[in-house]
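Colleague: Handing you a structure now.
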2 protein chains.
Amino acid sequence: MTAPSIRARVRAEMIDEIKAVARRHLAADGANLSLRAVARDLGMVSSAIYRYFPSRDELLTALIIDAYQALGTVVEAADAEVSPDDLRGRWHAVFRAARRWALDNPAEYALIYGSPVPGYAAPQDTIGPAQRPPVVLVGILRDGLTRGRLAAPPADELPEPVRTDLTAIGTAFVPGLPEALLARGMAGWTQLFGLISFEIFGRLNNGVHHQDAYFDHQTRLMADLVGLP
Amino acid sequence: MTAPSIRARVRAEMIDEIKAVARRHLAADGANLSLRAVARDLGMVSSAIYRYFPSRDELLTALIIDAYQALGTVVEAADAEVSPDDLRGRWHAVFRAARRWALDNPAEYALIYGSPVPGYAAPQDTIGPAQRPPVVLVGILRDGLTRGRLAAPPADELPEPVRTDLTAIGTAFVPGLPEALLARGMAGWTQLFGLISFEIFGRLNNGVHHQDAYFDHQTRLMADLVGLP
DNA sequence: TACGAAACGAGAGCACCGCTCTCGCCATGA
DNA sequence: TCATGGCGAGAGCGGTGCTCTCGTTTCGTA
């Protein structure tokens, strides 16, 4: 393997630097990222940025993918750190890790889970990384089932069209998971997203002051719903 | 009472017209609303808009309040149309009405439940209208309790700090509702928000095709969690 | 009924934005 | 060695939110 040329390495560093500055601006000013401001911070002229990213949207896409990967990594690591048999421990660890990451990176959370930018269509590269957190969650349920620590809900609780949809999703992501359990896992994922969004977007500010405890309690409720022992 | 002057009436109509055009633009182009484009549509010059709204943010705030009120009205009406004793019927009606409104008005849903605009702080006028849907949901639980059709979960399932927070929220919005039940109601509200957001923001597009049935099933799951008979 | 004040719309202008194009400079690979 | 291509600077285009000024029109009041 040949060492990357100096130019290629400098280019890669430049790309990383642009993304880093852009992330800083995102955290400070929110989603309306200004290419010109990023360029100014780097001592460049705005048109120079276009040597590295063909458009502002492409820069945002790069940041989005990075954010998905960062969250996915954090969540998977949290899950892996708990004994596989401790289903509730894993559930709580995943919930807490996702929330922690969101609180530490609110702008990036808003970037990937806020309202999508109007003309902006999520590129194909984002859908894979975006699935990592929910896959981890339903993975806990699958492990619980295979280890006999979790009972599958009756399959007939699912209406037919939902079952067929979930069959396809299940075979793609968590083969062997009964559809009714997958539905519960997705409910947990939906709840996790809702809890974090409410907190990050300040919708709990009037009333809920002990947000850690509140989050843990709601996590517990959902663990009950999905049937974790 | 004196009739409003012609000028006042024309002004009110002008405000409504601006908001209507702005809503159209919002639906077409997403959240980055252009004052100049709205003015053009009205055959005005952009500075004329400032006679009616002191800034673009104030226009957005007006649209946000209208959206909250519209959603609140729809949800309350849906709840009122079901027999008060039919707790599950009311639960489903509220969930369905909220989703229906969001699907019919996706841009306005994104406006009020998407990521908040960066420099934008929700004005005090919005917090009241924003509470209407969750208040309806927990109202169902309170009715179930007072009619003896719903059992309150044990109070000691709540950690102390959560209980005190919820006590304050409860006395403000739904006096007499046990805190543990309020927590479940808020879980339902969080889930409703998550379900709608996932659907509106296209996060279910890969896999879930029968969205009506999926939504109904998840609604049912949450009804089970809160303990509706 | 007449008049001063206030509301109104148009227009010019400011600073900013994303993006394109052109122009020199220089490292790179053949 | 030399042509190629990557690179940064700069000018410029059409767009944005917002401000200020200037006539005109309408209103409440004297």
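In the structure tokens, chains take letters A, B, ... by order of appearance, with residues numbered from 1 within each chain and ligands from 1 in the order shown.
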Residues of chain C within 12 Å of chain B, using only C-alpha atoms (C1' of nucleotides), as a PyMOL selection string?
Modeller: chain C and resi 6-12
Colleague: Take the residues that were just selected and, keeping N, CA and C atoms (P, O5', C5', C4', C3', O3' and C1' of nucleotides), output them as a PDB file, in the first residue's frame.
Modeller:
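Output (part-v5.pdb):
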```pdb
ATOM      1  P    DA C   6     -49.018  60.663  17.187  1.00  0.00           P
ATOM      2  O5'  DA C   6     -49.467  59.297  16.485  1.00  0.00           O
ATOM      3  C5'  DA C   6     -50.841  58.953  16.488  1.00  0.00           C
ATOM      4  C4'  DA C   6     -51.168  58.160  15.253  1.00  0.00           C
ATOM      5  C3'  DA C   6     -50.153  57.055  14.901  1.00  0.00           C
ATOM      6  O3'  DA C   6     -50.814  55.810  14.984  1.00  0.00           O
ATOM      7  C1'  DA C   6     -50.801  58.293  12.976  1.00  0.00           C
ATOM      8  P    DA C   7     -50.046  54.439  14.794  1.00  0.00           P
ATOM      9  O5'  DA C   7     -50.495  53.983  13.333  1.00  0.00           O
ATOM     10  C5'  DA C   7     -51.878  53.874  13.048  1.00  0.00           C
ATOM     11  C4'  DA C   7     -52.086  53.655  11.558  1.00  0.00           C
ATOM     12  C3'  DA C   7     -51.281  52.483  10.979  1.00  0.00           C
ATOM     13  O3'  DA C   7     -52.137  51.715  10.153  1.00  0.00           O
ATOM     14  C1'  DA C   7     -50.858  54.454   9.738  1.00  0.00           C
ATOM     15  P    DC C   8     -51.694  50.314   9.628  1.00  0.00           P
ATOM     16  O5'  DC C   8     -51.128  50.653   8.183  1.00  0.00           O
ATOM     17  C5'  DC C   8     -51.998  51.238   7.211  1.00  0.00           C
ATOM     18  C4'  DC C   8     -51.224  51.716   6.018  1.00  0.00           C
ATOM     19  C3'  DC C   8     -50.209  50.719   5.446  1.00  0.00           C
ATOM     20  O3'  DC C   8     -50.779  50.141   4.289  1.00  0.00           O
ATOM     21  C1'  DC C   8     -49.450  52.996   5.370  1.00  0.00           C
ATOM     22  P    DG C   9     -50.201  48.782   3.724  1.00  0.00           P
ATOM     23  O5'  DG C   9     -49.341  49.288   2.479  1.00  0.00           O
ATOM     24  C5'  DG C   9     -49.985  50.064   1.478  1.00  0.00           C
ATOM     25  C4'  DG C   9     -48.962  50.613   0.507  1.00  0.00           C
ATOM     26  C3'  DG C   9     -47.933  49.595   0.016  1.00  0.00           C
ATOM     27  O3'  DG C   9     -47.829  49.703  -1.399  1.00  0.00           O
ATOM     28  C1'  DG C   9     -46.829  51.482   0.961  1.00  0.00           C
ATOM     29  P    DA C  10     -46.761  48.867  -2.215  1.00  0.00           P
ATOM     30  O5'  DA C  10     -45.642  49.975  -2.488  1.00  0.00           O
ATOM     31  C5'  DA C  10     -46.036  51.217  -3.042  1.00  0.00           C
ATOM     32  C4'  DA C  10     -44.809  52.073  -3.348  1.00  0.00           C
ATOM     33  C3'  DA C  10     -43.651  51.326  -4.012  1.00  0.00           C
ATOM     34  O3'  DA C  10     -43.126  52.125  -5.058  1.00  0.00           O
ATOM     35  C1'  DA C  10     -42.918  52.345  -1.989  1.00  0.00           C
ATOM     36  P    DG C  11     -42.131  51.492  -6.134  1.00  0.00           P
ATOM     37  O5'  DG C  11     -40.687  51.960  -5.636  1.00  0.00           O
ATOM     38  C5'  DG C  11     -40.445  53.333  -5.387  1.00  0.00           C
ATOM     39  C4'  DG C  11     -39.186  53.496  -4.570  1.00  0.00           C
ATOM     40  C3'  DG C  11     -38.013  52.614  -5.020  1.00  0.00           C
ATOM     41  O3'  DG C  11     -37.019  53.455  -5.582  1.00  0.00           O
ATOM     42  C1'  DG C  11     -38.236  52.687  -2.634  1.00  0.00           C
ATOM     43  P    DA C  12     -35.711  52.835  -6.252  1.00  0.00           P
ATOM     44  O5'  DA C  12     -34.589  53.177  -5.170  1.00  0.00           O
ATOM     45  C5'  DA C  12     -34.582  54.453  -4.551  1.00  0.00           C
ATOM     46  C4'  DA C  12     -33.592  54.468  -3.395  1.00  0.00           C
ATOM     47  C3'  DA C  12     -32.287  53.725  -3.689  1.00  0.00           C
ATOM     48  O3'  DA C  12     -31.188  54.503  -3.227  1.00  0.00           O
ATOM     49  C1'  DA C  12     -33.302  52.857  -1.725  1.00  0.00           C
TER      50       DA C  12
END
```
Colleague: For DC2 (chain D), find every residue with an atom within 12 Å (counting only C-alpha atoms (C1' of nucleotides)), except residues of its own chain fewer than 2 positions away, and show them as a JSON list (two decimals) with N, CA, C and O atoms (P, O5', C5', C4', C3', O3' and C1' of nucleotides), in the first residue's frame.
Modeller:
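Contents of the output file out01.json:
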```json
[["chain", "number", "residue", "atom", "x", "y", "z"],
["C", 28, "DT", "P", 3.48, 17.53, -3.38],
["C", 28, "DT", "O5'", 3.02, 16.86, -4.74],
["C", 28, "DT", "C5'", 1.65, 16.92, -5.09],
["C", 28, "DT", "C4'", 1.44, 16.27, -6.43],
["C", 28, "DT", "C3'", 2.29, 15.00, -6.64],
["C", 28, "DT", "O3'", 1.44, 13.94, -6.93],
["C", 28, "DT", "C1'", 2.43, 16.46, -8.52],
["C", 29, "DG", "P", 1.89, 12.42, -6.73],
["C", 29, "DG", "O5'", 1.84, 11.86, -8.22],
["C", 29, "DG", "C5'", 0.71, 12.16, -9.03],
["C", 29, "DG", "C4'", 1.06, 11.98, -10.49],
["C", 29, "DG", "C3'", 1.88, 10.72, -10.82],
["C", 29, "DG", "O3'", 1.41, 10.17, -12.04],
["C", 29, "DG", "C1'", 3.06, 12.63, -11.55],
["C", 30, "DA", "P", 2.00, 8.78, -12.60],
["C", 30, "DA", "O5'", 2.42, 9.14, -14.09],
["C", 30, "DA", "C5'", 1.49, 9.85, -14.91],
["C", 30, "DA", "C4'", 2.21, 10.46, -16.10],
["C", 30, "DA", "C3'", 3.07, 9.49, -16.92],
["C", 30, "DA", "O3'", 2.91, 9.79, -18.30],
["C", 30, "DA", "C1'", 4.43, 11.24, -16.14],
["D", 4, "DT", "P", -1.90, 19.43, -20.71],
["D", 4, "DT", "O5'", -2.29, 18.98, -19.25],
["D", 4, "DT", "C5'", -1.84, 17.69, -18.79],
["D", 4, "DT", "C4'", -2.29, 17.50, -17.35],
["D", 4, "DT", "C3'", -3.66, 18.11, -17.02],
["D", 4, "DT", "O3'", -4.45, 17.14, -16.36],
["D", 4, "DT", "C1'", -2.04, 18.83, -15.46]]
```
Colleague: Find the residues in chain D near chain A: any atom within 9 Å counts, using only C-alpha atoms (C1' of nucleotides). Write them as number ranges by chain.
Modeller: D: 6-10
Colleague: Keeping only N, CA and C atoms (P, O5', C5', C4', C3', O3' and C1' of nucleotides), write the selected residues as a PDB file, in the first residue's frame.
Modeller:
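Output file part.pdb follows:
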```pdb
ATOM      1  P    DG D   6      -8.022  17.822  -9.811  1.00  0.00           P
ATOM      2  O5'  DG D   6      -7.603  18.404  -8.390  1.00  0.00           O
ATOM      3  C5'  DG D   6      -6.549  17.788  -7.663  1.00  0.00           C
ATOM      4  C4'  DG D   6      -5.902  18.808  -6.754  1.00  0.00           C
ATOM      5  C3'  DG D   6      -6.884  19.552  -5.848  1.00  0.00           C
ATOM      6  O3'  DG D   6      -6.356  19.611  -4.537  1.00  0.00           O
ATOM      7  C1'  DG D   6      -5.627  21.100  -7.135  1.00  0.00           C
ATOM      8  P    DC D   7      -7.253  20.116  -3.343  1.00  0.00           P
ATOM      9  O5'  DC D   7      -6.963  21.671  -3.307  1.00  0.00           O
ATOM     10  C5'  DC D   7      -5.638  22.112  -2.988  1.00  0.00           C
ATOM     11  C4'  DC D   7      -5.505  23.587  -3.217  1.00  0.00           C
ATOM     12  C3'  DC D   7      -6.589  24.450  -2.576  1.00  0.00           C
ATOM     13  O3'  DC D   7      -6.060  24.997  -1.371  1.00  0.00           O
ATOM     14  C1'  DC D   7      -5.883  25.257  -4.721  1.00  0.00           C
ATOM     15  P    DG D   8      -7.080  25.597  -0.283  1.00  0.00           P
ATOM     16  O5'  DG D   8      -6.972  27.151  -0.591  1.00  0.00           O
ATOM     17  C5'  DG D   8      -5.712  27.784  -0.458  1.00  0.00           C
ATOM     18  C4'  DG D   8      -5.795  29.207  -0.951  1.00  0.00           C
ATOM     19  C3'  DG D   8      -6.937  30.031  -0.352  1.00  0.00           C
ATOM     20  O3'  DG D   8      -6.415  31.262   0.114  1.00  0.00           O
ATOM     21  C1'  DG D   8      -7.043  30.090  -2.734  1.00  0.00           C
ATOM     22  P    DA D   9      -7.376  32.420   0.657  1.00  0.00           P
ATOM     23  O5'  DA D   9      -7.494  33.380  -0.614  1.00  0.00           O
ATOM     24  C5'  DA D   9      -6.294  33.836  -1.238  1.00  0.00           C
ATOM     25  C4'  DA D   9      -6.604  34.880  -2.299  1.00  0.00           C
ATOM     26  C3'  DA D   9      -7.632  35.929  -1.889  1.00  0.00           C
ATOM     27  O3'  DA D   9      -7.188  37.203  -2.325  1.00  0.00           O
ATOM     28  C1'  DA D   9      -8.379  34.796  -3.831  1.00  0.00           C
ATOM     29  P    DG D  10      -7.851  38.543  -1.754  1.00  0.00           P
ATOM     30  O5'  DG D  10      -8.868  38.960  -2.916  1.00  0.00           O
ATOM     31  C5'  DG D  10      -8.385  39.086  -4.244  1.00  0.00           C
ATOM     32  C4'  DG D  10      -9.545  39.111  -5.213  1.00  0.00           C
ATOM     33  C3'  DG D  10     -10.737  39.960  -4.760  1.00  0.00           C
ATOM     34  O3'  DG D  10     -10.798  41.110  -5.605  1.00  0.00           O
ATOM     35  C1'  DG D  10     -11.419  37.890  -5.727  1.00  0.00           C
TER      36       DG D  10
END
```
Colleague: Kindly assemble as JSON lines a list of the chain B residues that lie within 7 Å of chain A, each paired with its nearest atom pair and their distance in Å to one decimal, using only C-alpha atoms, sorted first by chain and then by ascending residue number.
Modeller:
```
{"residue": "B:Asp29", "atom": "CA", "partner": "A:Pro118", "partner_atom": "CA", "distance": 6.0}
{"residue": "B:Gly30", "atom": "CA", "partner": "A:Pro118", "partner_atom": "CA", "distance": 4.6}
{"residue": "B:Ala31", "atom": "CA", "partner": "A:Pro118", "partner_atom": "CA", "distance": 6.7}
{"residue": "B:Ala110", "atom": "CA", "partner": "A:Ser115", "partner_atom": "CA", "distance": 5.8}
{"residue": "B:Gly114", "atom": "CA", "partner": "A:Ser115", "partner_atom": "CA", "distance": 4.5}
{"residue": "B:Ser115", "atom": "CA", "partner": "A:Gly114", "partner_atom": "CA", "distance": 4.4}
{"residue": "B:Pro116", "atom": "CA", "partner": "A:Phe201", "partner_atom": "CA", "distance": 6.6}
{"residue": "B:Pro118", "atom": "CA", "partner": "A:Gly30", "partner_atom": "CA", "distance": 4.6}
{"residue": "B:Pro161", "atom": "CA", "partner": "A:His210", "partner_atom": "CA", "distance": 6.2}
{"residue": "B:Val162", "atom": "CA", "partner": "A:Tyr214", "partner_atom": "CA", "distance": 5.6}
{"residue": "B:Asp165", "atom": "CA", "partner": "A:Val208", "partner_atom": "CA", "distance": 5.5}
{"residue": "B:Ile169", "atom": "CA", "partner": "A:Gly207", "partner_atom": "CA", "distance": 5.8}
{"residue": "B:Ala187", "atom": "CA", "partner": "A:Gln218", "partner_atom": "CA", "distance": 6.7}
{"residue": "B:Thr190", "atom": "CA", "partner": "A:Gly194", "partner_atom": "CA", "distance": 5.2}
{"residue": "B:Gln191", "atom": "CA", "partner": "A:Gln191", "partner_atom": "CA", "distance": 5.1}
{"residue": "B:Phe193", "atom": "CA", "partner": "A:Gly194", "partner_atom": "CA", "distance": 6.4}
{"residue": "B:Gly194", "atom": "CA", "partner": "A:Gly194", "partner_atom": "CA", "distance": 4.8}
{"residue": "B:Leu195", "atom": "CA", "partner": "A:Thr190", "partner_atom": "CA", "distance": 6.3}
{"residue": "B:Phe201", "atom": "CA", "partner": "A:Ser115", "partner_atom": "CA", "distance": 6.6}
{"residue": "B:Gly207", "atom": "CA", "partner": "A:Ile169", "partner_atom": "CA", "distance": 5.8}
{"residue": "B:Val208", "atom": "CA", "partner": "A:Asp165", "partner_atom": "CA", "distance": 5.5}
{"residue": "B:His209", "atom": "CA", "partner": "A:Asp165", "partner_atom": "CA", "distance": 6.6}
{"residue": "B:His210", "atom": "CA", "partner": "A:Pro161", "partner_atom": "CA", "distance": 6.2}
{"residue": "B:Ala213", "atom": "CA", "partner": "A:Val162", "partner_atom": "CA", "distance": 6.1}
{"residue": "B:Tyr214", "atom": "CA", "partner": "A:Val162", "partner_atom": "CA", "distance": 5.6}
{"residue": "B:Gln218", "atom": "CA", "partner": "A:Ala187", "partner_atom": "CA", "distance": 6.7}
{"residue": "B:Leu225", "atom": "CA", "partner": "A:Leu225", "partner_atom": "CA", "distance": 5.9}
```
Colleague: Would you give me, as number ranges by chain, the residues in region 22-93 of chain B that DSSP reads as helix (DSSP H, G or I)?
Modeller: B: 22-29, 35-41, 46-49, 56-80, 87-93
Colleague: Could you please determine the separation between CA of Arg23 (chain A) and CA of Gly43 (chain A) in Å, to one decimal place?
Modeller: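 Separation of CA of Arg23 (chain A) and CA of Gly43 (chain A): 16.6 Å.
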Colleague: Skip DC27 (chain D) itself and residues of its chain fewer than 5 positions away, then list as a PyMOL selection string all residues within 12 Å of it, counting only C-alpha atoms (C1' of nucleotides).
Modeller: (chain B and resi 4-8) or (chain C and resi 3-7)
Colleague: Put those residues in a file: N, CA and C atoms (P, O5', C5', C4', C3', O3' and C1' of nucleotides), as a PDB file, in the first residue's frame.
Modeller:
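Contents of result11.pdb, freshly written:
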```pdb
ATOM      1  N   PRO B   4     -65.451  48.405  15.020  1.00  0.00           N
ATOM      2  CA  PRO B   4     -64.050  48.690  14.721  1.00  0.00           C
ATOM      3  C   PRO B   4     -63.955  49.566  13.478  1.00  0.00           C
ATOM      4  N   SER B   5     -63.048  50.494  13.507  1.00  0.00           N
ATOM      5  CA  SER B   5     -62.895  51.403  12.383  1.00  0.00           C
ATOM      6  C   SER B   5     -62.546  50.620  11.118  1.00  0.00           C
ATOM      7  N   ILE B   6     -62.816  51.241  10.012  1.00  0.00           N
ATOM      8  CA  ILE B   6     -62.487  50.582   8.747  1.00  0.00           C
ATOM      9  C   ILE B   6     -61.021  50.201   8.725  1.00  0.00           C
ATOM     10  N   ARG B   7     -60.216  51.144   9.162  1.00  0.00           N
ATOM     11  CA  ARG B   7     -58.776  50.899   9.121  1.00  0.00           C
ATOM     12  C   ARG B   7     -58.404  49.666   9.950  1.00  0.00           C
ATOM     13  N   ALA B   8     -58.989  49.570  11.152  1.00  0.00           N
ATOM     14  CA  ALA B   8     -58.674  48.431  12.006  1.00  0.00           C
ATOM     15  C   ALA B   8     -59.099  47.131  11.342  1.00  0.00           C
TER      16      ALA B   8
ATOM     17  P    DC C   3     -57.553  73.768   8.084  1.00  0.00           P
ATOM     18  O5'  DC C   3     -56.791  72.933   9.207  1.00  0.00           O
ATOM     19  C5'  DC C   3     -57.038  73.199  10.577  1.00  0.00           C
ATOM     20  C4'  DC C   3     -56.306  72.180  11.425  1.00  0.00           C
ATOM     21  C3'  DC C   3     -54.962  71.755  10.834  1.00  0.00           C
ATOM     22  O3'  DC C   3     -54.040  71.589  11.897  1.00  0.00           O
ATOM     23  C1'  DC C   3     -56.302  69.862  11.122  1.00  0.00           C
ATOM     24  P    DG C   4     -52.498  71.916  11.697  1.00  0.00           P
ATOM     25  O5'  DG C   4     -51.793  70.841  12.641  1.00  0.00           O
ATOM     26  C5'  DG C   4     -52.155  70.772  14.023  1.00  0.00           C
ATOM     27  C4'  DG C   4     -52.093  69.341  14.509  1.00  0.00           C
ATOM     28  C3'  DG C   4     -50.749  68.644  14.255  1.00  0.00           C
ATOM     29  O3'  DG C   4     -50.394  67.916  15.433  1.00  0.00           O
ATOM     30  C1'  DG C   4     -52.493  67.390  13.257  1.00  0.00           C
ATOM     31  P    DA C   5     -49.040  67.126  15.572  1.00  0.00           P
ATOM     32  O5'  DA C   5     -49.517  65.615  15.625  1.00  0.00           O
ATOM     33  C5'  DA C   5     -50.673  65.297  16.401  1.00  0.00           C
ATOM     34  C4'  DA C   5     -51.048  63.840  16.195  1.00  0.00           C
ATOM     35  C3'  DA C   5     -49.853  62.886  16.075  1.00  0.00           C
ATOM     36  O3'  DA C   5     -50.154  61.689  16.761  1.00  0.00           O
ATOM     37  C1'  DA C   5     -51.188  62.745  14.124  1.00  0.00           C
ATOM     38  P    DA C   6     -49.018  60.663  17.187  1.00  0.00           P
ATOM     39  O5'  DA C   6     -49.467  59.297  16.485  1.00  0.00           O
ATOM     40  C5'  DA C   6     -50.841  58.953  16.488  1.00  0.00           C
ATOM     41  C4'  DA C   6     -51.168  58.160  15.253  1.00  0.00           C
ATOM     42  C3'  DA C   6     -50.153  57.055  14.901  1.00  0.00           C
ATOM     43  O3'  DA C   6     -50.814  55.810  14.984  1.00  0.00           O
ATOM     44  C1'  DA C   6     -50.801  58.293  12.976  1.00  0.00           C
ATOM     45  P    DA C   7     -50.046  54.439  14.794  1.00  0.00           P
ATOM     46  O5'  DA C   7     -50.495  53.983  13.333  1.00  0.00           O
ATOM     47  C5'  DA C   7     -51.878  53.874  13.048  1.00  0.00           C
ATOM     48  C4'  DA C   7     -52.086  53.655  11.558  1.00  0.00           C
ATOM     49  C3'  DA C   7     -51.281  52.483  10.979  1.00  0.00           C
ATOM     50  O3'  DA C   7     -52.137  51.715  10.153  1.00  0.00           O
ATOM     51  C1'  DA C   7     -50.858  54.454   9.738  1.00  0.00           C
TER      52       DA C   7
END
```
Colleague: At a cut-off of 10 Å, using only C-alpha atoms (C1' of nucleotides), what residues contact Ala22 (chain A)? Leave out same-chain residues fewer than 2 positions from it and give the result as a short mmCIF file (atom, residue, chain, number, x, y, z; two decimals) with C-alpha atoms, in the first residue's frame.
Modeller:
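As written to disk, result.cif reads:
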```
data_model
loop_
_atom_site.label_atom_id
_atom_site.label_comp_id
_atom_site.auth_asym_id
_atom_site.auth_seq_id
_atom_site.Cartn_x
_atom_site.Cartn_y
_atom_site.Cartn_z
CA ASP A 16 -11.70 17.55 9.07
CA GLU A 17 -10.90 21.11 10.05
CA ILE A 18 -13.82 22.49 8.08
CA LYS A 19 -16.14 19.99 9.70
CA ALA A 20 -14.80 20.82 13.14
CA ARG A 24 -18.62 24.69 16.45
CA HIS A 25 -20.79 27.09 14.51
CA LEU A 26 -23.65 24.63 14.60
CA ALA A 27 -23.43 24.46 18.37
CA ALA A 28 -23.32 28.22 18.65
CA LEU A 33 -24.90 27.16 9.18
CA SER A 34 -23.09 29.89 7.28
CA LEU A 35 -20.41 28.73 4.89
CA ALA A 37 -18.63 32.34 8.54
CA VAL A 38 -16.89 28.97 8.59
CA ALA A 39 -14.53 30.16 5.89
CA ASP A 41 -12.92 31.33 10.92
CA LEU A 59 -21.24 19.75 4.30
CA LEU A 60 -24.36 19.27 6.38
CA LEU A 63 -21.90 16.34 9.64
#
```
Colleague: Applying 10 Å and only C-alpha atoms (C1' of nucleotides), which residues near DC16 (chain C) remain after dropping the ones on its own chain fewer than 6 positions away? List them as a ChimeraX atom specification.
Modeller: /A:34,36 /D:16-17
Colleague: Could the residues in this selection be written to a file with N, CA, C and O atoms (P, O5', C5', C4', C3', O3' and C1' of nucleotides), as an mmCIF file, in the first residue's frame?
Modeller:
```cif
data_model
loop_
_atom_site.group_PDB
_atom_site.id
_atom_site.type_symbol
_atom_site.label_atom_id
_atom_site.label_comp_id
_atom_site.auth_asym_id
_atom_site.auth_seq_id
_atom_site.Cartn_x
_atom_site.Cartn_y
_atom_site.Cartn_z
ATOM 1 N N SER A 34 -23.563 28.973 8.311
ATOM 2 C CA SER A 34 -23.089 29.891 7.280
ATOM 3 C C SER A 34 -21.718 29.470 6.772
ATOM 4 O O SER A 34 -20.736 29.477 7.510
ATOM 5 N N ARG A 36 -19.878 31.055 4.773
ATOM 6 C CA ARG A 36 -18.963 32.201 4.785
ATOM 7 C C ARG A 36 -18.351 32.381 6.160
ATOM 8 O O ARG A 36 -17.165 32.702 6.296
ATOM 9 P P DT D 16 -35.822 36.281 -1.661
ATOM 10 O "O5'" DT D 16 -35.072 36.514 -0.278
ATOM 11 C "C5'" DT D 16 -34.694 35.397 0.511
ATOM 12 C "C4'" DT D 16 -33.880 35.869 1.696
ATOM 13 C "C3'" DT D 16 -34.573 36.924 2.545
ATOM 14 O "O3'" DT D 16 -35.410 36.286 3.481
ATOM 15 C "C1'" DT D 16 -32.251 37.442 2.206
ATOM 16 P P DG D 17 -36.534 37.101 4.240
ATOM 17 O "O5'" DG D 17 -35.736 37.883 5.371
ATOM 18 C "C5'" DG D 17 -35.060 37.178 6.398
ATOM 19 C "C4'" DG D 17 -34.420 38.162 7.350
ATOM 20 C "C3'" DG D 17 -35.406 39.117 8.015
ATOM 21 O "O3'" DG D 17 -35.033 39.321 9.369
ATOM 22 C "C1'" DG D 17 -33.836 40.356 6.757
#
```
